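> Here's a structure for you.
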2 protein chains.
Amino acid sequence: MKHLSKELVGASSIPIILSILSQKESYGYEIIQKVKEISDNELVWVEGSLYPVLHKLEKRGYIVSDWKVSESGRKRKYYSLKDAGKEVLDQEKINWNFINQIMTKLWNTEPNLI
Amino acid sequence: MKHLSKELVGASSIPIILSILSQKESYGYEIIQKVKEISDNELVWVEGSLYPVLHKLEKRGYIVSDWKVSESGRKRKYYSLKDAGKEVLDQEKINWNFINQIMTKLWNTEPNLI
DNA sequence: TTGACATACTTAGAAGTTCTATGTATATTG
DNA sequence: CAATATACATAGAACTTCTAAGTATGTCAA
């Protein structure tokens, strides 16, 4: 199981969450499962880290939530992306790719790589 | 000029600095110039953000500094990478690439690596 | 000679973030 | 019926980033 710096967690959690919600609405526990699945069980978020971020995104107006009841009777808080959130996601993508290009320049210029 | 979230700045500044120092020792002002150059003038760090990170890296034992005098007489604090810093850089690369793969899966973009 | 500018480094504190730990609630399973 | 999984919540300790302001000094044009 991967241990990431909290800086990298901080930089990636919002784009990851917004990306997952851009595909379809989801609830907290399912988002954690999705992240685990996407990362081949390497990345395991805990609720105590996820929910404050969801709350923050909702407070900023990027996502919105509503309670639903599942087939089994469980209450679930579903989150969905708002237009503002899509715009933020687009910007996060641009910025992430921009930094990634810088990393590529730095890391692929080492001698004897090509 | 690019405006990045402070989370992304936080996640990228250490690997960028350590990468620059893995090529050759450098001093603060030059690192800022190097970052500007690598990013095609899109990323402009300010000293007030850079030096606290340099101090932190030194305190953690990843880099070491020593004062030198340039040809023009200016005092410069040169930083160089220690073995511990190289190890951290290697781990940062792995982690960054790991998260980048996740972003790629989510965004379906071609990874810009190697 | 002088002032503006570039070079070079420093740091305090406001504002914000992450993680841990702990909590409540309830359906499922053995 | 107890353990586990599912589902959401939050306080506070520890930490981070940025802004702003600072000191210092070499260069350059007027």
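Note on naming: chains are A, B, ... as they come in the structure tokens, residues start from 1 per chain, ligands start from 1 in the order shown.
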Would you please give, as a PyMOL selection string, all residues of chain B that DSSP assigns to helix (DSSP H, G or I) based on the backbone?

chain B and resi 6-23+28-38+47-59+83-107

> For the contact check between chain B and chain D, emit one row per residue of chain B within 9 Å, containing the shortest atom pair and the distance in Å rounded to one decimal, counting only C-alpha atoms (C1' of nucleotides), chain then rising number order, as a Markdown table.


```
| residue | atom | partner | partner_atom | distance |
| --- | --- | --- | --- | --- |
| B:Lys6 | CA | D:DT17 | C1' | 6.7 |
| B:Glu7 | CA | D:DT17 | C1' | 8.7 |
| B:Val9 | CA | D:DT17 | C1' | 8.8 |
| B:Gly10 | CA | D:DT17 | C1' | 7.7 |
| B:Gly48 | CA | D:DC18 | C1' | 7.8 |
| B:Ser49 | CA | D:DC18 | C1' | 6.9 |
| B:Ser72 | CA | D:DG26 | C1' | 7.3 |
| B:Gly73 | CA | D:DG26 | C1' | 7.7 |
| B:Arg74 | CA | D:DG26 | C1' | 7.1 |
```

> For the selection just defined, write its residues with N, CA and C atoms to a file, as a CSV table (one decimal), in the first residue's frame.


```
chain,number,residue,atom,x,y,z
B,6,LYS,N,-2.0,26.2,-4.4
B,6,LYS,CA,-0.8,26.0,-3.5
B,6,LYS,C,-0.6,24.6,-3.2
B,7,GLU,N,-1.6,23.8,-3.4
B,7,GLU,CA,-1.4,22.3,-3.2
B,7,GLU,C,-0.5,21.8,-4.2
B,9,VAL,N,1.7,23.6,-5.9
B,9,VAL,CA,3.0,24.1,-5.7
B,9,VAL,C,3.7,23.3,-4.6
B,10,GLY,N,2.9,23.0,-3.5
B,10,GLY,CA,3.5,22.3,-2.4
B,10,GLY,C,3.9,20.9,-2.8
B,48,GLY,N,10.4,34.5,-1.3
B,48,GLY,CA,9.7,34.3,0.0
B,48,GLY,C,9.1,32.9,0.1
B,49,SER,N,8.9,32.3,-1.1
B,49,SER,CA,8.4,30.9,-1.1
B,49,SER,C,9.5,29.9,-1.2
B,72,SER,N,32.0,38.4,-9.2
B,72,SER,CA,31.7,39.8,-9.0
B,72,SER,C,31.8,40.2,-7.5
B,73,GLY,N,32.1,39.3,-6.7
B,73,GLY,CA,32.2,39.6,-5.3
B,73,GLY,C,30.9,39.3,-4.5
B,74,ARG,N,29.9,38.9,-5.1
B,74,ARG,CA,28.6,38.6,-4.4
B,74,ARG,C,28.7,37.3,-3.6
```

> Select residues of chain A: the criterion is any atom within 12 Å of an atom of chain B, counting only C-alpha atoms; output as number ranges by chain.

A: 1-23, 34-43, 88-111, 113-114

> Tell me, counting only C-alpha atoms (C1' of nucleotides), for each residue of chain C within 12 Å of chain B, which pair of atoms is nearest and how far apart they are in Å to one decimal, in rows ordered by chain and increasing number, as JSON lines.


```
{"residue": "C:DA6", "atom": "C1'", "partner": "B:Tyr29", "partner_atom": "CA", "distance": 11.1}
{"residue": "C:DT7", "atom": "C1'", "partner": "B:Tyr29", "partner_atom": "CA", "distance": 7.7}
{"residue": "C:DA8", "atom": "C1'", "partner": "B:Tyr29", "partner_atom": "CA", "distance": 6.5}
{"residue": "C:DC9", "atom": "C1'", "partner": "B:Tyr51", "partner_atom": "CA", "distance": 7.9}
{"residue": "C:DT10", "atom": "C1'", "partner": "B:Tyr51", "partner_atom": "CA", "distance": 8.0}
{"residue": "C:DT11", "atom": "C1'", "partner": "B:Gly48", "partner_atom": "CA", "distance": 8.5}
{"residue": "C:DA12", "atom": "C1'", "partner": "B:Gly48", "partner_atom": "CA", "distance": 11.4}
{"residue": "C:DG16", "atom": "C1'", "partner": "B:Lys6", "partner_atom": "CA", "distance": 10.1}
{"residue": "C:DT17", "atom": "C1'", "partner": "B:Glu7", "partner_atom": "CA", "distance": 9.0}
{"residue": "C:DT18", "atom": "C1'", "partner": "B:Glu7", "partner_atom": "CA", "distance": 11.2}
```

> Any idea what the distance is between atom CA of A:Glu25 and atom CA of A:Arg60?

17.5 Å

> If you fit chain A onto chain B using every C-alpha atom, paired in order, what RMSD in Å do you get?

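My reading of the C-alpha RMSD is 3.6 Å.
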
> Could you state the separation of atom CA of B:Ser65 and atom CA of B:Gly85 in Å, given to one decimal place?

12.9 Å
